[in-house]
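Peer 1: My structure is stored as my_file_14.txt, with compact mmCIF, C-alpha atoms.
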# COMPACT_ATOMS: atom_id res chain seq x y z
CA MET A 203 0.00 0.00 0.00
CA PHE A 204 2.85 2.39 0.81
CA ASN A 205 5.48 1.22 -1.68
CA ASN A 206 5.86 4.74 -3.07
CA HIS A 207 5.47 6.73 0.16
CA LYS A 208 8.84 8.36 0.85
CA SER A 209 8.60 8.81 4.64
CA TYR A 210 7.07 5.39 5.22
CA ASN A 211 9.81 3.78 3.15
CA ARG A 212 12.54 5.65 5.07
CA MET A 213 11.06 4.47 8.38
CA TYR A 214 9.56 1.03 7.94
CA ARG A 215 10.69 -2.30 6.56
CA GLU A 216 10.16 -5.77 7.93
CA GLY A 217 13.16 -6.89 10.00
CA GLU A 218 14.63 -3.36 10.20
CA LEU A 219 14.66 -0.64 12.87
CA THR A 220 14.91 3.12 12.37
CA LEU A 221 15.17 5.90 14.95
CA GLY A 222 13.26 9.09 15.66
CA LEU A 223 13.04 11.76 18.35
CA HIS A 224 10.28 13.07 20.59
CA ILE A 225 9.65 16.82 20.77
CA PRO A 226 10.59 18.73 22.97
CA LEU A 227 14.26 18.09 22.26
CA GLU A 228 15.22 19.06 25.79
CA ASN A 229 16.03 17.51 29.16
CA PHE A 230 13.45 19.46 31.12
CA LYS A 231 12.60 16.62 33.55
CA MET A 232 9.63 17.83 35.62
CA ARG A 233 10.16 21.52 34.86
CA THR A 234 8.42 23.50 32.14
CA PRO A 235 10.54 23.18 28.98
CA THR A 236 12.03 26.30 27.43
CA LEU A 237 11.56 25.06 23.83
CA GLU A 238 14.78 26.85 22.94
CA ARG A 239 16.71 25.82 19.81
CA GLN A 240 14.03 23.34 18.72
CA VAL A 241 14.32 24.26 15.05
CA GLU A 242 18.13 24.06 15.17
CA LEU A 243 18.03 20.67 16.88
CA ALA A 244 15.33 19.39 14.52
CA GLN A 245 17.54 20.37 11.59
CA LYS A 246 20.50 18.59 13.20
CA ALA A 247 18.38 15.46 13.66
CA ASP A 248 17.29 15.71 10.02
CA ASP A 249 20.91 15.98 8.84
CA TYR A 250 22.00 12.95 10.88
CA GLY A 251 19.21 10.79 9.45
CA PHE A 252 16.66 10.48 12.23
CA THR A 253 13.51 9.62 10.34
CA ALA A 254 10.73 11.29 12.35
CA LEU A 255 9.91 13.93 14.95
CA TRP A 256 6.97 12.95 17.17
CA LEU A 257 4.57 15.39 18.82
CA ARG A 258 1.67 14.95 21.26
CA ASP A 259 -1.91 16.22 21.13
CA VAL A 260 -2.54 17.90 24.51
CA LEU A 261 -4.85 20.83 25.18
CA LEU A 262 -4.76 21.78 28.88
CA LYS A 263 -2.16 21.76 31.63
CA ASP A 264 -3.38 19.36 34.31
CA PRO A 265 -1.09 19.30 37.39
CA ASN A 266 -2.54 15.92 38.32
CA PHE A 267 -1.17 14.43 35.07
CA LEU A 268 2.46 15.36 35.90
CA ASP A 269 3.25 16.61 32.40
CA PRO A 270 4.88 20.07 32.58
CA ALA A 271 5.41 20.08 28.79
CA VAL A 272 1.67 19.76 28.05
CA GLY A 273 2.75 17.74 25.04
CA GLN A 274 5.09 20.33 23.52
CA ILE A 275 3.14 23.37 24.83
CA TYR A 276 2.21 24.47 21.30
CA ASP A 277 -0.61 22.90 19.28
CA MET A 278 0.68 19.70 17.72
CA LEU A 279 -0.37 20.26 14.11
CA ILE A 280 0.50 23.96 13.97
CA TYR A 281 3.91 23.48 15.57
CA GLY A 282 4.56 20.33 13.58
CA THR A 283 3.85 22.21 10.36
CA HIS A 284 6.34 24.88 11.45
CA LEU A 285 9.02 22.23 11.99
CA LEU A 286 8.28 20.63 8.63
CA GLY A 287 8.84 24.01 7.00
CA GLN A 288 12.28 24.29 8.61
CA THR A 289 13.52 20.78 7.76
CA LYS A 290 14.09 18.77 4.58
CA ARG A 291 13.30 15.07 4.89
CA ILE A 292 12.39 14.19 8.47
CA ALA A 293 8.76 13.17 8.93
CA LEU A 294 6.18 14.60 11.33
CA GLY A 295 4.67 11.89 13.50
CA THR A 296 1.56 12.55 15.57
CA SER A 297 1.67 10.65 18.82
CA ALA A 298 -1.22 10.85 18.70
CA LEU A 299 -4.11 12.82 17.21
CA VAL A 300 -6.93 12.41 19.77
CA LEU A 301 -9.87 11.76 17.47
CA PRO A 302 -12.76 12.14 19.97
CA LEU A 303 -11.58 15.68 20.81
CA ARG A 304 -11.59 16.88 17.19
CA HIS A 305 -14.39 17.03 14.67
CA PRO A 306 -13.50 14.41 12.03
CA LEU A 307 -14.10 16.75 9.09
CA ARG A 308 -11.83 19.35 10.67
CA SER A 309 -9.21 16.66 11.32
CA ALA A 310 -9.46 15.55 7.69
CA LYS A 311 -9.07 19.14 6.46
CA GLU A 312 -6.01 19.75 8.65
CA VAL A 313 -4.12 16.57 7.82
CA ALA A 314 -4.98 16.87 4.12
CA THR A 315 -3.59 20.41 4.15
CA ILE A 316 -0.33 19.28 5.76
CA GLU A 317 -0.09 16.46 3.22
CA ALA A 318 -0.61 18.91 0.35
CA LEU A 319 2.02 21.35 1.65
CA PHE A 320 4.57 18.69 2.65
CA PRO A 321 3.79 15.60 0.55
CA GLU A 322 4.49 12.20 2.14
CA ARG A 323 6.04 13.65 5.31
CA LEU A 324 3.13 12.97 7.69
CA ILE A 325 2.81 9.77 9.71
CA LEU A 326 -0.63 9.96 11.30
CA GLY A 327 -0.73 8.41 14.76
CA ILE A 328 -4.27 8.38 16.19
CA SER A 329 -5.70 7.58 19.63
CA SER A 330 -8.84 7.69 21.77
CA GLY A 331 -7.16 9.94 24.35
CA ASP A 332 -6.75 9.64 28.10
CA ARG A 333 -6.58 13.15 29.63
CA ARG A 334 -9.82 13.76 31.48
CA ALA A 335 -9.20 17.51 31.79
CA ASP A 336 -9.16 17.88 28.00
CA PHE A 337 -12.39 15.88 27.62
CA LYS A 338 -14.10 17.84 30.39
CA GLY A 339 -12.90 21.17 29.00
CA LEU A 340 -14.35 20.40 25.56
CA GLY A 341 -17.53 18.87 26.93
CA VAL A 342 -16.77 15.44 25.45
CA ASP A 343 -17.83 12.30 27.27
CA HIS A 344 -14.73 10.40 28.41
CA THR A 345 -16.44 7.07 29.04
CA THR A 346 -17.60 6.61 25.42
CA ARG A 347 -14.34 7.66 23.78
CA GLY A 348 -13.82 4.22 22.27
CA GLU A 349 -17.02 4.40 20.23
CA GLN A 350 -16.33 8.03 19.36
CA PHE A 351 -12.87 7.02 18.15
CA LYS A 352 -14.26 4.44 15.74
CA GLU A 353 -16.93 6.77 14.36
CA SER A 354 -14.51 9.66 13.99
CA LEU A 355 -11.95 7.49 12.16
CA ARG A 356 -14.63 6.21 9.78
CA ILE A 357 -15.82 9.71 8.91
CA MET A 358 -12.32 11.16 8.61
CA GLU A 359 -11.27 8.43 6.19
CA GLN A 360 -14.48 8.76 4.16
CA ALA A 361 -13.77 12.47 3.78
CA LEU A 362 -10.09 11.96 2.97
CA TYR A 363 -10.32 9.14 0.47
CA HIS A 364 -13.79 9.26 -1.14
CA ASN A 365 -15.00 11.83 -3.63
CA TYR A 366 -18.42 13.22 -2.69
CA PRO A 367 -19.04 10.73 0.12
CA THR A 368 -22.41 10.29 1.79
CA ILE A 369 -21.91 10.73 5.53
CA ASP A 370 -24.65 10.50 8.15
CA SER A 371 -23.32 10.58 11.68
CA SER A 372 -23.63 12.09 15.12
CA TYR A 373 -21.06 14.66 13.99
CA GLY A 374 -23.19 15.87 11.07
CA GLU A 375 -24.10 15.08 7.48
CA VAL A 376 -22.31 15.41 4.16
CA HIS A 377 -24.33 15.17 0.95
CA GLU A 378 -23.33 16.47 -2.48
CA ALA A 379 -20.15 18.01 -1.07
CA THR A 380 -16.52 16.90 -0.86
CA LEU A 381 -13.35 17.75 1.02
CA VAL A 382 -10.64 19.94 -0.50
CA PRO A 383 -7.79 19.36 -0.67
CA ARG A 384 -7.89 15.59 -0.78
CA PRO A 385 -4.69 13.51 -0.52
CA LYS A 386 -3.36 11.95 -3.70
CA LYS A 387 -2.48 8.80 -1.73
CA ARG A 388 -3.27 7.30 1.65
CA ILE A 389 -1.57 8.81 4.70
CA PRO A 390 -0.02 6.04 6.88
CA THR A 391 -2.31 5.80 9.91
CA MET A 392 -0.93 4.22 13.07
CA ILE A 393 -3.22 3.39 15.99
CA THR A 394 -1.67 4.28 19.36
CA GLY A 395 -2.33 1.97 22.27
CA PHE A 396 -5.58 0.02 22.17
CA ALA A 397 -7.83 3.08 21.69
CA GLN A 398 -10.45 1.20 23.80
CA GLN A 399 -10.62 -1.54 21.14
CA GLU A 400 -9.85 -5.24 20.93
CA MET A 401 -6.67 -6.43 19.22
CA ASP A 402 -8.74 -8.03 16.48
CA TRP A 403 -10.17 -4.60 15.57
CA LEU A 404 -6.69 -3.06 15.56
CA GLY A 405 -5.49 -5.81 13.26
CA GLN A 406 -8.31 -5.10 10.84
CA HIS A 407 -8.12 -1.29 10.74
CA GLY A 408 -4.59 -0.10 11.51
CA ASP A 409 -1.86 0.55 8.92
CA GLY A 410 0.51 0.10 11.86
CA TRP A 411 0.52 0.08 15.64
CA MET A 412 2.29 2.15 18.26
CA TYR A 413 2.48 0.88 21.82
CA TYR A 414 3.92 2.13 25.06
CA PRO A 415 7.54 1.37 26.03
CA GLN A 416 8.31 -1.93 27.68
CA ALA A 417 11.41 -4.07 28.12
CA PRO A 418 12.06 -6.33 25.09
CA PHE A 419 10.54 -9.54 26.51
CA ALA A 420 7.26 -7.88 27.53
CA GLN A 421 7.11 -5.92 24.29
CA GLN A 422 7.51 -9.09 22.28
CA GLN A 423 4.33 -10.52 23.77
CA VAL A 424 2.09 -7.65 22.60
CA LEU A 425 3.97 -7.43 19.30
CA ASN A 426 3.28 -11.09 18.59
CA ASP A 427 -0.43 -10.48 19.26
CA TRP A 428 -0.33 -7.55 16.81
CA ARG A 429 1.26 -9.62 14.07
CA GLU A 430 -1.23 -12.48 14.60
CA SER A 431 -4.17 -10.07 14.41
CA GLY A 432 -3.01 -8.90 10.99
CA GLN A 433 -2.52 -12.40 9.73
CA THR A 434 -6.06 -13.27 10.81
CA HIS A 435 -7.35 -10.57 8.46
CA GLY A 436 -5.01 -11.45 5.61
CA LYS A 437 -2.81 -8.39 6.12
CA GLY A 438 0.83 -8.27 5.05
CA PHE A 439 3.60 -6.46 6.89
CA ARG A 440 2.41 -3.61 9.08
CA PRO A 441 4.96 -1.80 11.23
CA PHE A 442 5.29 -1.52 14.98
CA SER A 443 6.60 1.67 16.63
CA MET A 444 7.39 2.61 20.22
CA PRO A 445 8.77 5.54 22.24
CA MET A 446 11.57 5.21 24.80
CA HIS A 447 12.78 7.71 27.37
CA LEU A 448 16.58 7.90 27.23
CA ASP A 449 19.18 9.15 29.68
CA LEU A 450 22.38 8.64 27.67
CA ALA A 451 25.28 8.05 30.06
CA HIS A 452 28.74 9.58 29.51
CA ASP A 453 30.32 6.13 29.89
CA PRO A 454 29.63 4.40 26.55
CA ASP A 455 29.70 0.98 28.25
CA GLU A 456 27.33 1.73 31.13
CA LEU A 457 24.75 -1.05 31.39
CA PRO A 458 21.02 -0.28 31.11
CA THR A 459 19.22 0.88 34.25
CA PRO A 460 15.44 1.35 34.13
CA ILE A 461 14.10 4.90 34.42
CA ARG A 462 10.59 6.28 33.87
CA LEU A 463 9.42 4.79 30.55
CA GLY A 464 12.92 3.89 29.43
CA PHE A 465 16.56 3.46 30.36
CA ARG A 466 19.75 5.16 31.45
CA VAL A 467 22.44 3.51 29.34
CA GLY A 468 25.76 4.10 27.56
CA ARG A 469 25.81 4.21 23.79
CA ASN A 470 27.48 0.84 23.23
CA GLN A 471 24.97 -0.92 25.45
CA LEU A 472 22.19 1.11 23.85
CA ILE A 473 23.15 -0.35 20.46
CA LYS A 474 22.81 -3.84 21.94
CA LEU A 475 19.43 -2.93 23.45
CA LEU A 476 18.20 -1.56 20.12
CA GLU A 477 19.39 -4.70 18.38
CA ALA A 478 17.25 -6.69 20.82
CA TYR A 479 14.22 -4.55 19.95
CA ARG A 480 14.93 -5.00 16.26
CA ALA A 481 15.17 -8.77 16.73
CA ILE A 482 11.68 -8.97 18.25
CA GLY A 483 10.17 -6.91 15.42
CA VAL A 484 10.17 -3.27 16.51
CA ASN A 485 10.43 -1.23 13.29
CA HIS A 486 10.73 2.33 14.59
CA LEU A 487 11.78 3.63 18.01
CA PHE A 488 11.84 7.27 19.01
CA PHE A 489 13.77 8.70 21.94
CA ALA A 490 12.36 11.13 24.49
CA LEU A 491 15.26 13.03 26.07
CA PHE A 492 13.09 14.61 28.77
CA ASP A 493 14.63 12.82 31.78
CA GLY A 494 18.28 12.87 30.71
CA GLU A 495 21.16 14.43 32.63
CA ARG A 496 22.97 15.76 29.55
CA PRO A 497 22.01 18.59 27.18
CA ALA A 498 19.88 17.44 24.27
CA ASP A 499 22.30 18.73 21.64
CA GLU A 500 25.12 16.59 23.06
CA VAL A 501 22.89 13.52 23.12
CA ILE A 502 21.63 14.05 19.56
CA GLU A 503 25.20 14.45 18.32
CA GLU A 504 26.41 11.29 20.08
CA LEU A 505 23.43 9.29 18.86
CA GLY A 506 23.92 10.65 15.36
CA GLU A 507 27.64 9.88 15.26
CA TYR A 508 27.74 6.49 16.98
CA VAL A 509 24.28 4.89 17.19
CA LEU A 510 22.39 5.98 14.09
CA PRO A 511 24.87 4.37 11.65
CA HIS A 512 23.69 1.00 13.00
CA PHE A 513 20.03 1.92 12.35
CA PRO A 514 20.07 4.27 9.34
CA PRO A 515 17.12 5.53 7.30
CA LEU A 516 16.04 2.91 4.80
CA SER A 517 16.02 4.92 1.59
Take the structure in the file and write it out as structure tokens.

Peer 2:
Amino acid sequence: MFNNHKSYNRMYREGELTLGLHIPLENFKMRTPTLERQVELAQKADDYGFTALWLRDVLLKDPNFLDPAVGQIYDMLIYGTHLLGQTKRIALGTSALVLPLRHPLRSAKEVATIEALFPERLILGISSGDRRADFKGLGVDHTTRGEQFKESLRIMEQALYHNYPTIDSSYGEVHEATLVPRPKKRIPTMITGFAQQEMDWLGQHGDGWMYYPQAPFAQQQVLNDWRESGQTHGKGFRPFSMPMHLDLAHDPDELPTPIRLGFRVGRNQLIKLLEAYRAIGVNHLFFALFDGERPADEVIEELGEYVLPHFPPLS
């Protein structure tokens, strides 16, 4: 389906692993990030060959959620478009567009516009959402977000990929009208987490799957379930992506130590860890530098010089 999609082909191939980065590119820990030098660091990541920059869809600051970045502070699609305009090849990954909190026609219009302005540089991660403050603020029922997710995805894809579709839904009606612009080809759409669905549904509807970070053995269990779900529905290769928080140690041989959602580890041991993820079938892994001890620019340079050559872009 995506044989001619340039970002997909740089990122995903069966048996291979590529690397990305999570915005903000900063070790802010539990402080509010400054978002300084983000364009410069994004350009550096692009030059080294990181294949994607991933952004989150968060509306409100909720102190109970312990996320001082509120995603990346700025709106995901607006800021992501800004970064696309300042870089050359690196893709924008949404991690993830919360479908129940956005009208599906508006979502279709926005992603189609990004696709038209920056062809084949959008990887569309989608989710049902989990932040109650955002749901409450927008007056959206949190308990039915799974059903809303499915309906919103159906409508968004009808609008994106069908000319003059007939749409009757709780969101509204479309008759004798069509979306402009419309993509010339399908945008790779990766479901994040379970989105309140069963694995069988994910296997039927997702172009790929993104799941939360786990150690290799635990990750292999859910990854095997994902692959089996696709086979049940006669699907071929569909990629698996995951984030990982990284505190890159100065000592290149420091062994991995678990931290929040990832590891503190030296670069040589990191290569071994990434090889283990590649062996179990992880196709793309993106680093969050939020909890690191070293400045993000140092870490990006060391990863680019020593780690990325082992996991280069695929085309």

Peer 1: Counting all atoms listed in the file, write as a PyMOL selection string all protein and nucleic acid residues lying at most 12 Å from (1.4, 23.6, 14.9) in the file's frame.

Peer 2: chain A and resi 257-260+273-287+294+296+312-313+316

Peer 1: Excluding same-chain residues fewer than 4 positions from A:Thr346, what lies within 10 Å of it counting all atoms listed in the file, as a PyMOL selection string?

Peer 2: chain A and resi 302+330+342+350-351+398

Peer 1: If we count only C-alpha atoms and set the cut-off at 7 Å, which residues sit around A:Thr220, ignoring sequence neighbours fewer than 5 positions away in its own chain? Please answer as a count of residues only.

Peer 2: 8

Peer 1: Using Å and a single decimal, report how far atom CA of A:Glu500 sits from atom CA of A:Ile461.

Peer 2: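 If I compute the distance from atom CA of A:Ile461 to atom CA of A:Glu500, I get 19.7 Å.
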
Peer 1: Which is closest to A:Pro497 among A:His364, A:Lys208, A:Arg469, A:Arg239, if we use all atoms listed in the file?

Peer 2: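 Comparing A:His364, A:Lys208, A:Arg469, A:Arg239 against A:Pro497, the winner is A:Arg239.
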
Peer 1: Hey, what's within 12 Å of A:Gln399 if we count only C-alpha atoms and toss same-chain stuff fewer than 2 positions away? As a PyMOL selection string, please?

Peer 2: chain A and resi 329-330+346-352+393-397+401-408

Peer 1: Any idea what the distance is between atom CA of A:Pro367 and atom CA of A:Thr434?

Peer 2: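 Straight-line distance from atom CA of A:Pro367 to atom CA of A:Thr434 works out to 29.3 Å.
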
Peer 1: So which residues fall inside 8 Å of (-22.5, 14.0, 3.1) if we count all atoms listed in the file? Mind giving them as a PDB file with C-alpha atoms, keeping the file's coordinate frame?

Peer 2:
ATOM      1  CA  TYR A 366     -18.420  13.220  -2.690  1.00  0.00           C
ATOM      2  CA  PRO A 367     -19.040  10.730   0.120  1.00  0.00           C
ATOM      3  CA  THR A 368     -22.410  10.290   1.790  1.00  0.00           C
ATOM      4  CA  ILE A 369     -21.910  10.730   5.530  1.00  0.00           C
ATOM      5  CA  ASP A 370     -24.650  10.500   8.150  1.00  0.00           C
ATOM      6  CA  GLU A 375     -24.100  15.080   7.480  1.00  0.00           C
ATOM      7  CA  VAL A 376     -22.310  15.410   4.160  1.00  0.00           C
ATOM      8  CA  HIS A 377     -24.330  15.170   0.950  1.00  0.00           C
ATOM      9  CA  GLU A 378     -23.330  16.470  -2.480  1.00  0.00           C
ATOM     10  CA  ALA A 379     -20.150  18.010  -1.070  1.00  0.00           C
ATOM     11  CA  THR A 380     -16.520  16.900  -0.860  1.00  0.00           C
TER      12      THR A 380
END

Peer 1: Taking only C-alpha atoms into account, which of A:Leu268, A:Ala298, A:Leu303, A:Met203 comes nearest A:Tyr414?

Peer 2: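 Comparing A:Leu268, A:Ala298, A:Leu303, A:Met203 against A:Tyr414, the winner is A:Ala298.
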
Peer 1: Which polymer residues have any atom within 10 Å of an atom of A:Tyr214, counting only C-alpha atoms, with same-chain residues fewer than 5 positions away left out, as a ChimeraX atom specification?

Peer 2: /A:204,209,219-220,253,410,439-443,484-486,515-517

Peer 1: What does the distance between atom CA of A:Glu400 and atom CA of A:Trp428 come to in Å, to one decimal place?

Peer 2: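 Those two atoms sit 10.6 Å apart.
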
Peer 1: Tell me which of A:Ile328, A:Arg215, A:Arg334, A:Thr345 sits closest to A:Pro265, counting all atoms listed in the file.

Peer 2: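 Ranked by minimum distance to A:Pro265, first place goes to A:Arg334.
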
Peer 1: Give me the residues near A:Ala490 as a VMD selection string, where near means some atom within 8 Å (using only C-alpha atoms) and where sequence neighbours in that chain fewer than 6 positions away do not count.

Peer 2: chain A and resid 223 to 227 445 to 448

Peer 1: Output the selection as a PDB file, keeping the file's coordinate frame - C-alpha atoms for each residue.

Peer 2:
ATOM      1  CA  LEU A 223      13.040  11.760  18.350  1.00  0.00           C
ATOM      2  CA  HIS A 224      10.280  13.070  20.590  1.00  0.00           C
ATOM      3  CA  ILE A 225       9.650  16.820  20.770  1.00  0.00           C
ATOM      4  CA  PRO A 226      10.590  18.730  22.970  1.00  0.00           C
ATOM      5  CA  LEU A 227      14.260  18.090  22.260  1.00  0.00           C
ATOM      6  CA  PRO A 445       8.770   5.540  22.240  1.00  0.00           C
ATOM      7  CA  MET A 446      11.570   5.210  24.800  1.00  0.00           C
ATOM      8  CA  HIS A 447      12.780   7.710  27.370  1.00  0.00           C
ATOM      9  CA  LEU A 448      16.580   7.900  27.230  1.00  0.00           C
TER      10      LEU A 448
END

Peer 1: Could you add the missing atoms to stretch 233-265 of chain A, up to N, CA and C atoms, and return them as a CSV table (one decimal), in the coordinates of the input?

Peer 2:
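Dumped everything to result-v1.csv:
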chain,number,residue,atom,x,y,z
A,233,ARG,N,10.3,20.1,35.0
A,233,ARG,CA,10.2,21.5,34.9
A,233,ARG,C,9.4,21.8,33.6
A,234,THR,N,9.0,23.1,33.4
A,234,THR,CA,8.4,23.5,32.1
A,234,THR,C,9.5,23.7,31.1
A,235,PRO,N,9.5,23.1,30.0
A,235,PRO,CA,10.5,23.2,29.0
A,235,PRO,C,10.6,24.6,28.4
A,236,THR,N,11.8,25.0,28.0
A,236,THR,CA,12.0,26.3,27.4
A,236,THR,C,11.7,26.3,26.0
A,237,LEU,N,11.7,25.2,25.3
A,237,LEU,CA,11.6,25.1,23.8
A,237,LEU,C,12.6,25.9,23.0
A,238,GLU,N,13.7,26.1,23.6
A,238,GLU,CA,14.8,26.8,22.9
A,238,GLU,C,15.5,25.9,21.9
A,239,ARG,N,15.9,26.5,20.8
A,239,ARG,CA,16.7,25.8,19.8
A,239,ARG,C,16.0,24.6,19.2
A,240,GLN,N,14.7,24.5,19.3
A,240,GLN,CA,14.0,23.3,18.7
A,240,GLN,C,14.2,23.2,17.2
A,241,VAL,N,14.1,24.3,16.5
A,241,VAL,CA,14.3,24.3,15.0
A,241,VAL,C,15.7,23.8,14.7
A,242,GLU,N,16.7,24.4,15.4
A,242,GLU,CA,18.1,24.1,15.2
A,242,GLU,C,18.4,22.6,15.4
A,243,LEU,N,17.8,22.1,16.5
A,243,LEU,CA,18.0,20.7,16.9
A,243,LEU,C,17.3,19.7,15.9
A,244,ALA,N,16.1,20.2,15.5
A,244,ALA,CA,15.3,19.4,14.5
A,244,ALA,C,16.1,19.3,13.2
A,245,GLN,N,16.7,20.4,12.8
A,245,GLN,CA,17.5,20.4,11.6
A,245,GLN,C,18.8,19.5,11.8
A,246,LYS,N,19.4,19.5,12.9
A,246,LYS,CA,20.5,18.6,13.2
A,246,LYS,C,20.1,17.1,13.1
A,247,ALA,N,18.9,16.8,13.7
A,247,ALA,CA,18.4,15.5,13.7
A,247,ALA,C,18.1,15.0,12.2
A,248,ASP,N,17.6,16.0,11.4
A,248,ASP,CA,17.3,15.7,10.0
A,248,ASP,C,18.6,15.4,9.3
A,249,ASP,N,19.6,16.2,9.5
A,249,ASP,CA,20.9,16.0,8.8
A,249,ASP,C,21.6,14.6,9.2
A,250,TYR,N,21.4,14.2,10.5
A,250,TYR,CA,22.0,13.0,10.9
A,250,TYR,C,21.3,11.8,10.3
A,251,GLY,N,20.0,11.9,10.0
A,251,GLY,CA,19.2,10.8,9.4
A,251,GLY,C,18.2,10.2,10.4
A,252,PHE,N,17.9,10.9,11.5
A,252,PHE,CA,16.7,10.5,12.2
A,252,PHE,C,15.5,10.6,11.3
A,253,THR,N,14.5,9.7,11.4
A,253,THR,CA,13.5,9.6,10.3
A,253,THR,C,12.2,10.3,10.7
A,254,ALA,N,12.0,10.6,12.0
A,254,ALA,CA,10.7,11.3,12.4
A,254,ALA,C,10.9,12.1,13.6
A,255,LEU,N,10.1,13.2,13.7
A,255,LEU,CA,9.9,13.9,15.0
A,255,LEU,C,8.5,13.7,15.4
A,256,TRP,N,8.3,13.3,16.7
A,256,TRP,CA,7.0,13.0,17.2
A,256,TRP,C,6.5,14.0,18.1
A,257,LEU,N,5.2,14.4,18.0
A,257,LEU,CA,4.6,15.4,18.8
A,257,LEU,C,3.3,14.8,19.4
A,258,ARG,N,2.9,15.4,20.6
A,258,ARG,CA,1.7,15.0,21.3
A,258,ARG,C,0.5,16.0,21.2
A,259,ASP,N,-0.7,15.4,21.3
A,259,ASP,CA,-1.9,16.2,21.1
A,259,ASP,C,-2.5,16.5,22.5
A,260,VAL,N,-2.1,17.6,23.2
A,260,VAL,CA,-2.5,17.9,24.5
A,260,VAL,C,-3.1,19.3,24.5
A,261,LEU,N,-4.2,19.5,25.2
A,261,LEU,CA,-4.8,20.8,25.2
A,261,LEU,C,-4.5,21.6,26.4
A,262,LEU,N,-4.8,21.0,27.6
A,262,LEU,CA,-4.8,21.8,28.9
A,262,LEU,C,-3.6,21.3,29.8
A,263,LYS,N,-3.1,22.2,30.6
A,263,LYS,CA,-2.2,21.8,31.6
A,263,LYS,C,-3.0,21.3,32.8
A,264,ASP,N,-2.7,20.0,33.2
A,264,ASP,CA,-3.4,19.4,34.3
A,264,ASP,C,-2.3,18.9,35.3
A,265,PRO,N,-2.1,19.7,36.4
A,265,PRO,CA,-1.1,19.3,37.4
A,265,PRO,C,-1.2,17.9,37.9
